[in-house]
Amino acid sequence: MFTFAGKTALVIGAGQNIGQKIAFEFARRGARIAVADINADGARETAAQIVASGGSATGIAIDVTSEQSVAAAIAEAEAFLGEIDIHMNNAGLLHSGHVEDIPPAEWERMFGVNLFGAVRANAVILPKMIARGSGYIVNTASFAGLYPYAVNRIPYAASKAALVSMSENMAIHLEPLGIRVSCLCPGPTMTTSIGGMRTFGENVAMRGPGSDLEVKSQEEVAGILADGMEAGRILIPTHPKGFRTIAEHASAPDDFVRGVAADFAAGKSWLPGR
């Protein structure tokens with residue numbers, strides 16, 4: 001069984017929100033943490049809170065769109081931690097808009113952070129894990145990558161679907177080499193990320209992953225992830241009810257997609273509690 005005690009962890013995108021709470025949770029369970037974020041002040045503040053609680057942490061600046069910045073941040077993390085046991089890719093962007101109003105450059109920006117940010121970091125860390133035959137890679141996706149509903153943020157959903165596929169295929173390849181892989185898939189979660197969300201077009205309605213899903217706190221999500229990692233899970237959704245929806249989609253995808261379209265046309269939002 002996997003345990004966090006005595007492990008080292010680099011958590012990218014942990015200067016605030018879910019990533020910050022994940023860094024806190026890993027530290028609470030005994031890991032030493034390197035907190036990396038494009039918001040260097042946020043990374044340092046997160047690290048300072050961990051240290052104040054009796055843990056060991058450092059804050060590092062990183063821009064996941066830059067290979068040079070990623071390599072420098074990982075080197076700084078290794079200087080503090082030594083070998084990195086757990087590497088988590090949690091940097092992400094969120095936006096809203098009608099697909100016809102979202103320019104190709106925004107698609108590139110979304111994939112550049114959400115998907116290729118993970119690719120760039122993994123490219124530095126994975127060879128070292130493979131060489132020593134141990135390590136743990138964690139990627140953050142979303143329910144938006146598991147089944148279709150996020151019509152107001154299609155590039156985001158597409159990037160998260162790519163992360164799900166990448167994670168599952170990485171697990172097939174890497175677990176026989178001694179490296180664990182998990183993919184966190186948050187459903188509805190209380191976050192301030194939506195406050196900075198850029199919107200393209202007008203009259204863009206927010207859509208959710210299901211009215212029967214409750215909104216989780218960021219602390220709950222962090223605990224669910226850590227529990228799932230300790231249990232050896234590959235795909236870690238925050239809401240087990242969501243698997244029922246995934247099964248419905250998989251069993252009859254055409255009917256599912258047209259059913260969601262009919263719900264939206266009838267004024268249903270699929271937002272939690274509605």
# chains A, B, ... in the order shown; residues from 1 in each chain; ligands from 1
call {"tool": "residues_around", "arguments": {"residues": "Phe111 (chain A)", "least_positions_apart": "6", "cutoff": "9 Å", "atoms": "only C-alpha atoms", "output": "PyMOL selection string"}}
result
chain A and resi 93+117+155-156+158-160
call {"tool": "residues_around", "arguments": {"residues": "Ala77 (chain A)", "least_positions_apart": "5", "cutoff": "10 Å", "atoms": "only C-alpha atoms", "output": "ChimeraX atom specification"}}
result
/A:8-11,33-36,57-60,71-72,82-84
call {"tool": "closest_residue", "arguments": {"among": "A:Val260, A:Met129, A:Ala31, A:Met229", "to": "Phe2 (chain A)", "atoms": "only C-alpha atoms"}}
result
A:Met229
call {"tool": "residues_around", "arguments": {"residues": "Arg29 (chain A)", "least_positions_apart": "4", "cutoff": "10 Å", "atoms": "only C-alpha atoms", "output": "VMD selection string"}}
result
chain A and resid 3 to 7 24 to 25 55 226
call {"tool": "select_by_dssp", "arguments": {"residues": "region 37-98 of chain A", "states": "alpha helix (DSSP H)", "output": "VMD selection string"}}
result
chain A and resid 40 to 52 67 to 81
call {"tool": "write_last_selection", "arguments": {"atoms": "C-alpha atoms", "output": "PDB file, in the first residue's frame"}}
result
ATOM      1  CA  ALA A  40       5.386  32.827  -7.077  1.00  0.00           C
ATOM      2  CA  ASP A  41       3.967  34.696  -4.076  1.00  0.00           C
ATOM      3  CA  GLY A  42       1.144  32.168  -3.827  1.00  0.00           C
ATOM      4  CA  ALA A  43       3.622  29.288  -3.998  1.00  0.00           C
ATOM      5  CA  ARG A  44       5.756  30.791  -1.247  1.00  0.00           C
ATOM      6  CA  GLU A  45       2.709  31.501   0.928  1.00  0.00           C
ATOM      7  CA  THR A  46       1.462  27.929   0.530  1.00  0.00           C
ATOM      8  CA  ALA A  47       4.905  26.630   1.486  1.00  0.00           C
ATOM      9  CA  ALA A  48       5.059  28.989   4.458  1.00  0.00           C
ATOM     10  CA  GLN A  49       1.731  27.680   5.751  1.00  0.00           C
ATOM     11  CA  ILE A  50       2.989  24.107   5.503  1.00  0.00           C
ATOM     12  CA  VAL A  51       6.152  25.015   7.424  1.00  0.00           C
ATOM     13  CA  ALA A  52       4.105  26.862  10.044  1.00  0.00           C
ATOM     14  CA  GLU A  67      10.435  24.281 -21.187  1.00  0.00           C
ATOM     15  CA  GLN A  68      13.253  26.372 -19.692  1.00  0.00           C
ATOM     16  CA  SER A  69      11.109  27.467 -16.745  1.00  0.00           C
ATOM     17  CA  VAL A  70       9.864  23.920 -16.158  1.00  0.00           C
ATOM     18  CA  ALA A  71      13.406  22.500 -16.178  1.00  0.00           C
ATOM     19  CA  ALA A  72      14.649  25.237 -13.818  1.00  0.00           C
ATOM     20  CA  ALA A  73      11.740  24.739 -11.402  1.00  0.00           C
ATOM     21  CA  ILE A  74      12.252  20.980 -11.277  1.00  0.00           C
ATOM     22  CA  ALA A  75      15.973  21.480 -10.640  1.00  0.00           C
ATOM     23  CA  GLU A  76      15.133  23.855  -7.783  1.00  0.00           C
ATOM     24  CA  ALA A  77      12.653  21.342  -6.371  1.00  0.00           C
ATOM     25  CA  GLU A  78      15.268  18.581  -6.537  1.00  0.00           C
ATOM     26  CA  ALA A  79      17.819  20.797  -4.793  1.00  0.00           C
ATOM     27  CA  PHE A  80      15.404  21.081  -1.861  1.00  0.00           C
ATOM     28  CA  LEU A  81      13.777  17.641  -1.910  1.00  0.00           C
TER      29      LEU A  81
END
call {"tool": "select_by_dssp", "arguments": {"residues": "region 133-196 of chain A", "states": "strand (DSSP E)", "output": "PDB file with N, CA and C atoms, in the first residue's frame"}}
result
ATOM      1  N   GLY A 135       8.385   5.856  -8.552  1.00  0.00           N
ATOM      2  CA  GLY A 135       7.859   7.201  -8.673  1.00  0.00           C
ATOM      3  C   GLY A 135       6.353   7.180  -8.818  1.00  0.00           C
ATOM      4  N   TYR A 136       5.762   8.358  -8.751  1.00  0.00           N
ATOM      5  CA  TYR A 136       4.299   8.485  -8.835  1.00  0.00           C
ATOM      6  C   TYR A 136       3.979   9.752  -9.620  1.00  0.00           C
ATOM      7  N   ILE A 137       3.249   9.604 -10.726  1.00  0.00           N
ATOM      8  CA  ILE A 137       2.792  10.738 -11.529  1.00  0.00           C
ATOM      9  C   ILE A 137       1.296  10.926 -11.300  1.00  0.00           C
ATOM     10  N   VAL A 138       0.885  12.152 -11.022  1.00  0.00           N
ATOM     11  CA  VAL A 138      -0.535  12.470 -10.846  1.00  0.00           C
ATOM     12  C   VAL A 138      -0.891  13.620 -11.774  1.00  0.00           C
ATOM     13  N   ASN A 139      -1.920  13.435 -12.572  1.00  0.00           N
ATOM     14  CA  ASN A 139      -2.405  14.476 -13.480  1.00  0.00           C
ATOM     15  C   ASN A 139      -3.814  14.889 -13.070  1.00  0.00           C
ATOM     16  N   THR A 140      -4.116  16.171 -13.138  1.00  0.00           N
ATOM     17  CA  THR A 140      -5.456  16.652 -12.813  1.00  0.00           C
ATOM     18  C   THR A 140      -6.252  16.864 -14.090  1.00  0.00           C
ATOM     19  N   ILE A 179       6.332   2.569 -11.743  1.00  0.00           N
ATOM     20  CA  ILE A 179       5.861   3.944 -11.571  1.00  0.00           C
ATOM     21  C   ILE A 179       4.336   3.966 -11.561  1.00  0.00           C
ATOM     22  N   ARG A 180       3.775   4.461 -10.495  1.00  0.00           N
ATOM     23  CA  ARG A 180       2.320   4.576 -10.387  1.00  0.00           C
ATOM     24  C   ARG A 180       1.838   5.808 -11.155  1.00  0.00           C
ATOM     25  N   VAL A 181       0.598   5.744 -11.612  1.00  0.00           N
ATOM     26  CA  VAL A 181      -0.030   6.879 -12.290  1.00  0.00           C
ATOM     27  C   VAL A 181      -1.461   7.000 -11.785  1.00  0.00           C
ATOM     28  N   SER A 182      -1.860   8.217 -11.448  1.00  0.00           N
ATOM     29  CA  SER A 182      -3.253   8.499 -11.090  1.00  0.00           C
ATOM     30  C   SER A 182      -3.721   9.738 -11.826  1.00  0.00           C
ATOM     31  N   CYS A 183      -5.020   9.806 -12.047  1.00  0.00           N
ATOM     32  CA  CYS A 183      -5.639  10.971 -12.688  1.00  0.00           C
ATOM     33  C   CYS A 183      -6.791  11.436 -11.816  1.00  0.00           C
ATOM     34  N   LEU A 184      -6.654  12.616 -11.242  1.00  0.00           N
ATOM     35  CA  LEU A 184      -7.719  13.220 -10.445  1.00  0.00           C
ATOM     36  C   LEU A 184      -8.753  13.831 -11.374  1.00  0.00           C
ATOM     37  N   CYS A 185     -10.016  13.485 -11.176  1.00  0.00           N
ATOM     38  CA  CYS A 185     -11.107  14.025 -12.002  1.00  0.00           C
ATOM     39  C   CYS A 185     -12.127  14.710 -11.101  1.00  0.00           C
TER      40      CYS A 185
END
call {"tool": "residues_around", "arguments": {"residues": "region 212-216 of chain A", "least_positions_apart": "5", "cutoff": "10 Å", "atoms": "only C-alpha atoms", "output": "list in words"}}
result
Pro186, Gly187, Pro188, Thr189, Met190, Thr191, Val221, Thr238, His239, Pro240, Lys241, Gly242, Trp270, Leu271, Pro272, Gly273 and Arg274 of chain A
call {"tool": "write_last_selection", "arguments": {"atoms": "N, CA and C atoms", "output": "PDB file, in the first residue's frame"}}
result
ATOM      1  N   PRO A 186     -11.922  15.999 -10.808  1.00  0.00           N
ATOM      2  CA  PRO A 186     -12.874  16.699  -9.947  1.00  0.00           C
ATOM      3  C   PRO A 186     -14.211  16.928 -10.644  1.00  0.00           C
ATOM      4  N   GLY A 187     -15.273  16.699  -9.882  1.00  0.00           N
ATOM      5  CA  GLY A 187     -16.596  17.146 -10.277  1.00  0.00           C
ATOM      6  C   GLY A 187     -16.820  18.520  -9.676  1.00  0.00           C
ATOM      7  N   PRO A 188     -18.084  18.879  -9.379  1.00  0.00           N
ATOM      8  CA  PRO A 188     -18.351  20.217  -8.838  1.00  0.00           C
ATOM      9  C   PRO A 188     -17.580  20.476  -7.542  1.00  0.00           C
ATOM     10  N   THR A 189     -16.783  21.535  -7.551  1.00  0.00           N
ATOM     11  CA  THR A 189     -15.924  21.859  -6.416  1.00  0.00           C
ATOM     12  C   THR A 189     -15.945  23.361  -6.181  1.00  0.00           C
ATOM     13  N   MET A 190     -16.010  23.766  -4.922  1.00  0.00           N
ATOM     14  CA  MET A 190     -15.952  25.187  -4.594  1.00  0.00           C
ATOM     15  C   MET A 190     -14.565  25.724  -4.935  1.00  0.00           C
ATOM     16  N   THR A 191     -14.484  26.717  -5.787  1.00  0.00           N
ATOM     17  CA  THR A 191     -13.200  27.261  -6.221  1.00  0.00           C
ATOM     18  C   THR A 191     -13.363  28.711  -6.639  1.00  0.00           C
ATOM     19  N   VAL A 221     -11.803  17.353  -1.789  1.00  0.00           N
ATOM     20  CA  VAL A 221     -11.164  16.862  -3.012  1.00  0.00           C
ATOM     21  C   VAL A 221      -9.738  16.392  -2.722  1.00  0.00           C
ATOM     22  N   THR A 238     -14.006  12.623  -7.924  1.00  0.00           N
ATOM     23  CA  THR A 238     -14.409  13.133  -6.612  1.00  0.00           C
ATOM     24  C   THR A 238     -15.832  12.732  -6.250  1.00  0.00           C
ATOM     25  N   HIS A 239     -16.626  12.339  -7.235  1.00  0.00           N
ATOM     26  CA  HIS A 239     -18.026  12.004  -7.018  1.00  0.00           C
ATOM     27  C   HIS A 239     -18.313  10.616  -7.612  1.00  0.00           C
ATOM     28  N   PRO A 240     -18.379   9.568  -6.805  1.00  0.00           N
ATOM     29  CA  PRO A 240     -18.651   8.238  -7.341  1.00  0.00           C
ATOM     30  C   PRO A 240     -19.941   8.165  -8.164  1.00  0.00           C
ATOM     31  N   LYS A 241     -20.919   9.021  -7.844  1.00  0.00           N
ATOM     32  CA  LYS A 241     -22.158   9.028  -8.632  1.00  0.00           C
ATOM     33  C   LYS A 241     -21.882   9.305 -10.107  1.00  0.00           C
ATOM     34  N   GLY A 242     -20.801  10.017 -10.365  1.00  0.00           N
ATOM     35  CA  GLY A 242     -20.494  10.352 -11.743  1.00  0.00           C
ATOM     36  C   GLY A 242     -20.229   9.138 -12.611  1.00  0.00           C
ATOM     37  N   TRP A 270     -27.935  21.275 -15.852  1.00  0.00           N
ATOM     38  CA  TRP A 270     -27.079  20.215 -15.328  1.00  0.00           C
ATOM     39  C   TRP A 270     -26.158  20.717 -14.240  1.00  0.00           C
ATOM     40  N   LEU A 271     -26.420  21.903 -13.722  1.00  0.00           N
ATOM     41  CA  LEU A 271     -25.629  22.415 -12.607  1.00  0.00           C
ATOM     42  C   LEU A 271     -26.044  21.701 -11.319  1.00  0.00           C
ATOM     43  N   PRO A 272     -25.138  21.557 -10.353  1.00  0.00           N
ATOM     44  CA  PRO A 272     -25.460  20.849  -9.119  1.00  0.00           C
ATOM     45  C   PRO A 272     -26.679  21.439  -8.429  1.00  0.00           C
ATOM     46  N   GLY A 273     -27.598  20.568  -8.029  1.00  0.00           N
ATOM     47  CA  GLY A 273     -28.782  20.996  -7.300  1.00  0.00           C
ATOM     48  C   GLY A 273     -29.859  21.641  -8.142  1.00  0.00           C
ATOM     49  N   ARG A 274     -29.739  21.569  -9.485  1.00  0.00           N
ATOM     50  CA  ARG A 274     -30.750  22.216 -10.319  1.00  0.00           C
ATOM     51  C   ARG A 274     -31.361  21.238 -11.299  1.00  0.00           C
TER      52      ARG A 274
END
call {"tool": "residues_around", "arguments": {"residues": "Val204 (chain A)", "least_positions_apart": "6", "cutoff": "12 Å", "atoms": "only C-alpha atoms", "output": "PDB file with N, CA and C atoms, in the first residue's frame"}}
result
ATOM      1  N   HIS A  95     -12.025  28.646 -19.147  1.00  0.00           N
ATOM      2  CA  HIS A  95     -12.667  29.737 -19.871  1.00  0.00           C
ATOM      3  C   HIS A  95     -14.100  29.339 -20.189  1.00  0.00           C
ATOM      4  N   SER A  96     -14.835  30.254 -20.819  1.00  0.00           N
ATOM      5  CA  SER A  96     -16.211  29.996 -21.217  1.00  0.00           C
ATOM      6  C   SER A  96     -16.457  30.663 -22.559  1.00  0.00           C
ATOM      7  N   GLY A  97     -17.396  30.124 -23.321  1.00  0.00           N
ATOM      8  CA  GLY A  97     -17.724  30.742 -24.601  1.00  0.00           C
ATOM      9  C   GLY A  97     -18.334  29.750 -25.563  1.00  0.00           C
ATOM     10  N   HIS A  98     -18.991  30.272 -26.580  1.00  0.00           N
ATOM     11  CA  HIS A  98     -19.506  29.426 -27.659  1.00  0.00           C
ATOM     12  C   HIS A  98     -18.324  29.000 -28.531  1.00  0.00           C
ATOM     13  N   VAL A  99     -18.340  27.754 -28.960  1.00  0.00           N
ATOM     14  CA  VAL A  99     -17.186  27.224 -29.683  1.00  0.00           C
ATOM     15  C   VAL A  99     -16.876  28.042 -30.930  1.00  0.00           C
ATOM     16  N   GLU A 100     -17.904  28.594 -31.571  1.00  0.00           N
ATOM     17  CA  GLU A 100     -17.657  29.370 -32.784  1.00  0.00           C
ATOM     18  C   GLU A 100     -17.026  30.725 -32.495  1.00  0.00           C
ATOM     19  N   ASP A 101     -17.045  31.147 -31.222  1.00  0.00           N
ATOM     20  CA  ASP A 101     -16.472  32.440 -30.848  1.00  0.00           C
ATOM     21  C   ASP A 101     -15.073  32.318 -30.243  1.00  0.00           C
ATOM     22  N   ILE A 102     -14.618  31.107 -29.991  1.00  0.00           N
ATOM     23  CA  ILE A 102     -13.327  30.909 -29.349  1.00  0.00           C
ATOM     24  C   ILE A 102     -12.248  30.771 -30.417  1.00  0.00           C
ATOM     25  N   ALA A 150     -19.901  20.011 -21.112  1.00  0.00           N
ATOM     26  CA  ALA A 150     -19.280  21.328 -20.961  1.00  0.00           C
ATOM     27  C   ALA A 150     -19.275  22.095 -22.280  1.00  0.00           C
ATOM     28  N   VAL A 151     -20.469  22.323 -22.834  1.00  0.00           N
ATOM     29  CA  VAL A 151     -20.553  22.944 -24.158  1.00  0.00           C
ATOM     30  C   VAL A 151     -20.139  24.412 -24.140  1.00  0.00           C
ATOM     31  N   ASN A 152     -20.074  25.030 -22.961  1.00  0.00           N
ATOM     32  CA  ASN A 152     -19.636  26.420 -22.887  1.00  0.00           C
ATOM     33  C   ASN A 152     -18.127  26.536 -22.662  1.00  0.00           C
ATOM     34  N   ARG A 153     -17.418  25.421 -22.617  1.00  0.00           N
ATOM     35  CA  ARG A 153     -15.966  25.433 -22.436  1.00  0.00           C
ATOM     36  C   ARG A 153     -15.339  24.220 -23.138  1.00  0.00           C
ATOM     37  N   ARG A 198     -12.245  33.774 -18.455  1.00  0.00           N
ATOM     38  CA  ARG A 198     -12.478  34.628 -19.606  1.00  0.00           C
ATOM     39  C   ARG A 198     -13.650  34.088 -20.415  1.00  0.00           C
ATOM     40  N   SER A 269     -29.838  23.013 -16.838  1.00  0.00           N
ATOM     41  CA  SER A 269     -28.435  23.445 -16.873  1.00  0.00           C
ATOM     42  C   SER A 269     -27.451  22.337 -16.525  1.00  0.00           C
TER      43      SER A 269
END
call {"tool": "closest_residue", "arguments": {"among": "A:Thr65, A:Ser165, A:Thr199, A:Gln218", "to": "Gly112 (chain A)", "atoms": "only C-alpha atoms"}}
result
A:Thr65
call {"tool": "residues_around", "arguments": {"residues": "Arg258 (chain A)", "least_positions_apart": "5", "cutoff": "12 Å", "atoms": "only C-alpha atoms", "output": "VMD selection string"}}
result
chain A and resid 148 to 149 249 252 to 253 263 to 265
call {"tool": "write_last_selection", "arguments": {"atoms": "N, CA and C atoms", "output": "PDB file, in the first residue's frame"}}
result
ATOM      1  N   PRO A 148     -19.675  14.185 -22.051  1.00  0.00           N
ATOM      2  CA  PRO A 148     -19.966  15.513 -22.619  1.00  0.00           C
ATOM      3  C   PRO A 148     -21.091  16.254 -21.895  1.00  0.00           C
ATOM      4  N   TYR A 149     -20.769  17.462 -21.509  1.00  0.00           N
ATOM      5  CA  TYR A 149     -21.745  18.398 -20.950  1.00  0.00           C
ATOM      6  C   TYR A 149     -21.235  19.824 -21.005  1.00  0.00           C
ATOM      7  N   HIS A 249     -23.385   7.085 -20.654  1.00  0.00           N
ATOM      8  CA  HIS A 249     -22.795   7.621 -21.878  1.00  0.00           C
ATOM      9  C   HIS A 249     -22.145   6.515 -22.695  1.00  0.00           C
ATOM     10  N   ALA A 252     -24.667   4.003 -24.590  1.00  0.00           N
ATOM     11  CA  ALA A 252     -25.431   4.500 -25.747  1.00  0.00           C
ATOM     12  C   ALA A 252     -25.034   5.951 -26.011  1.00  0.00           C
ATOM     13  N   PRO A 253     -23.838   6.177 -26.575  1.00  0.00           N
ATOM     14  CA  PRO A 253     -23.324   7.549 -26.694  1.00  0.00           C
ATOM     15  C   PRO A 253     -24.204   8.475 -27.516  1.00  0.00           C
ATOM     16  N   ASP A 263     -32.057  18.278 -23.002  1.00  0.00           N
ATOM     17  CA  ASP A 263     -32.165  18.884 -21.668  1.00  0.00           C
ATOM     18  C   ASP A 263     -31.788  20.359 -21.718  1.00  0.00           C
ATOM     19  N   PHE A 264     -30.687  20.669 -22.398  1.00  0.00           N
ATOM     20  CA  PHE A 264     -30.246  22.056 -22.474  1.00  0.00           C
ATOM     21  C   PHE A 264     -31.270  22.899 -23.233  1.00  0.00           C
ATOM     22  N   ALA A 265     -31.830  22.346 -24.305  1.00  0.00           N
ATOM     23  CA  ALA A 265     -32.840  23.078 -25.075  1.00  0.00           C
ATOM     24  C   ALA A 265     -34.088  23.341 -24.241  1.00  0.00           C
TER      25      ALA A 265
END
call {"tool": "closest_residue", "arguments": {"among": "A:Ala131, A:Ala231, A:Ile38, A:Leu115", "to": "Leu177 (chain A)", "atoms": "only C-alpha atoms"}}
result
A:Ala131
call {"tool": "decode", "arguments": {"residues": "region 127-174 of chain A", "atoms": "C-alpha atoms", "output": "PDB file, in the first residue's frame"}}
result
ATOM      1  CA  PRO A 127      13.266   9.498 -17.354  1.00  0.00           C
ATOM      2  CA  LYS A 128      14.633   9.823 -13.817  1.00  0.00           C
ATOM      3  CA  MET A 129      11.775   7.790 -12.348  1.00  0.00           C
ATOM      4  CA  ILE A 130      12.187   5.119 -15.023  1.00  0.00           C
ATOM      5  CA  ALA A 131      15.928   4.942 -14.382  1.00  0.00           C
ATOM      6  CA  ARG A 132      15.427   4.208 -10.682  1.00  0.00           C
ATOM      7  CA  GLY A 133      12.267   2.126 -11.134  1.00  0.00           C
ATOM      8  CA  SER A 134      10.012   4.091  -8.815  1.00  0.00           C
ATOM      9  CA  GLY A 135       7.859   7.201  -8.673  1.00  0.00           C
ATOM     10  CA  TYR A 136       4.299   8.485  -8.835  1.00  0.00           C
ATOM     11  CA  ILE A 137       2.792  10.738 -11.529  1.00  0.00           C
ATOM     12  CA  VAL A 138      -0.535  12.470 -10.846  1.00  0.00           C
ATOM     13  CA  ASN A 139      -2.405  14.476 -13.480  1.00  0.00           C
ATOM     14  CA  THR A 140      -5.456  16.652 -12.813  1.00  0.00           C
ATOM     15  CA  ALA A 141      -8.254  16.279 -15.363  1.00  0.00           C
ATOM     16  CA  SER A 142     -11.981  16.912 -14.767  1.00  0.00           C
ATOM     17  CA  PHE A 143     -15.429  15.384 -15.104  1.00  0.00           C
ATOM     18  CA  ALA A 144     -15.515  17.549 -18.238  1.00  0.00           C
ATOM     19  CA  GLY A 145     -13.036  15.092 -19.736  1.00  0.00           C
ATOM     20  CA  LEU A 146     -15.093  12.015 -18.863  1.00  0.00           C
ATOM     21  CA  TYR A 147     -18.451  12.679 -20.556  1.00  0.00           C
ATOM     22  CA  PRO A 148     -19.966  15.513 -22.619  1.00  0.00           C
ATOM     23  CA  TYR A 149     -21.745  18.398 -20.950  1.00  0.00           C
ATOM     24  CA  ALA A 150     -19.280  21.328 -20.961  1.00  0.00           C
ATOM     25  CA  VAL A 151     -20.553  22.944 -24.158  1.00  0.00           C
ATOM     26  CA  ASN A 152     -19.636  26.420 -22.887  1.00  0.00           C
ATOM     27  CA  ARG A 153     -15.966  25.433 -22.436  1.00  0.00           C
ATOM     28  CA  ILE A 154     -15.194  22.952 -25.189  1.00  0.00           C
ATOM     29  CA  PRO A 155     -11.404  23.572 -25.507  1.00  0.00           C
ATOM     30  CA  TYR A 156     -11.085  23.092 -21.751  1.00  0.00           C
ATOM     31  CA  ALA A 157     -13.092  19.860 -21.878  1.00  0.00           C
ATOM     32  CA  ALA A 158     -11.039  18.599 -24.818  1.00  0.00           C
ATOM     33  CA  SER A 159      -7.780  19.270 -22.961  1.00  0.00           C
ATOM     34  CA  LYS A 160      -9.075  17.419 -19.910  1.00  0.00           C
ATOM     35  CA  ALA A 161     -10.208  14.458 -22.016  1.00  0.00           C
ATOM     36  CA  ALA A 162      -6.676  14.329 -23.413  1.00  0.00           C
ATOM     37  CA  LEU A 163      -5.297  14.232 -19.856  1.00  0.00           C
ATOM     38  CA  VAL A 164      -7.581  11.318 -18.960  1.00  0.00           C
ATOM     39  CA  SER A 165      -6.450   9.359 -22.019  1.00  0.00           C
ATOM     40  CA  MET A 166      -2.808  10.251 -21.430  1.00  0.00           C
ATOM     41  CA  SER A 167      -2.991   9.153 -17.791  1.00  0.00           C
ATOM     42  CA  GLU A 168      -4.643   5.806 -18.489  1.00  0.00           C
ATOM     43  CA  ASN A 169      -2.199   4.965 -21.262  1.00  0.00           C
ATOM     44  CA  MET A 170       0.739   6.102 -19.122  1.00  0.00           C
ATOM     45  CA  ALA A 171      -0.446   3.711 -16.411  1.00  0.00           C
ATOM     46  CA  ILE A 172      -0.405   0.804 -18.865  1.00  0.00           C
ATOM     47  CA  HIS A 173       3.146   1.648 -19.898  1.00  0.00           C
ATOM     48  CA  LEU A 174       4.648   2.812 -16.601  1.00  0.00           C
TER      49      LEU A 174
END
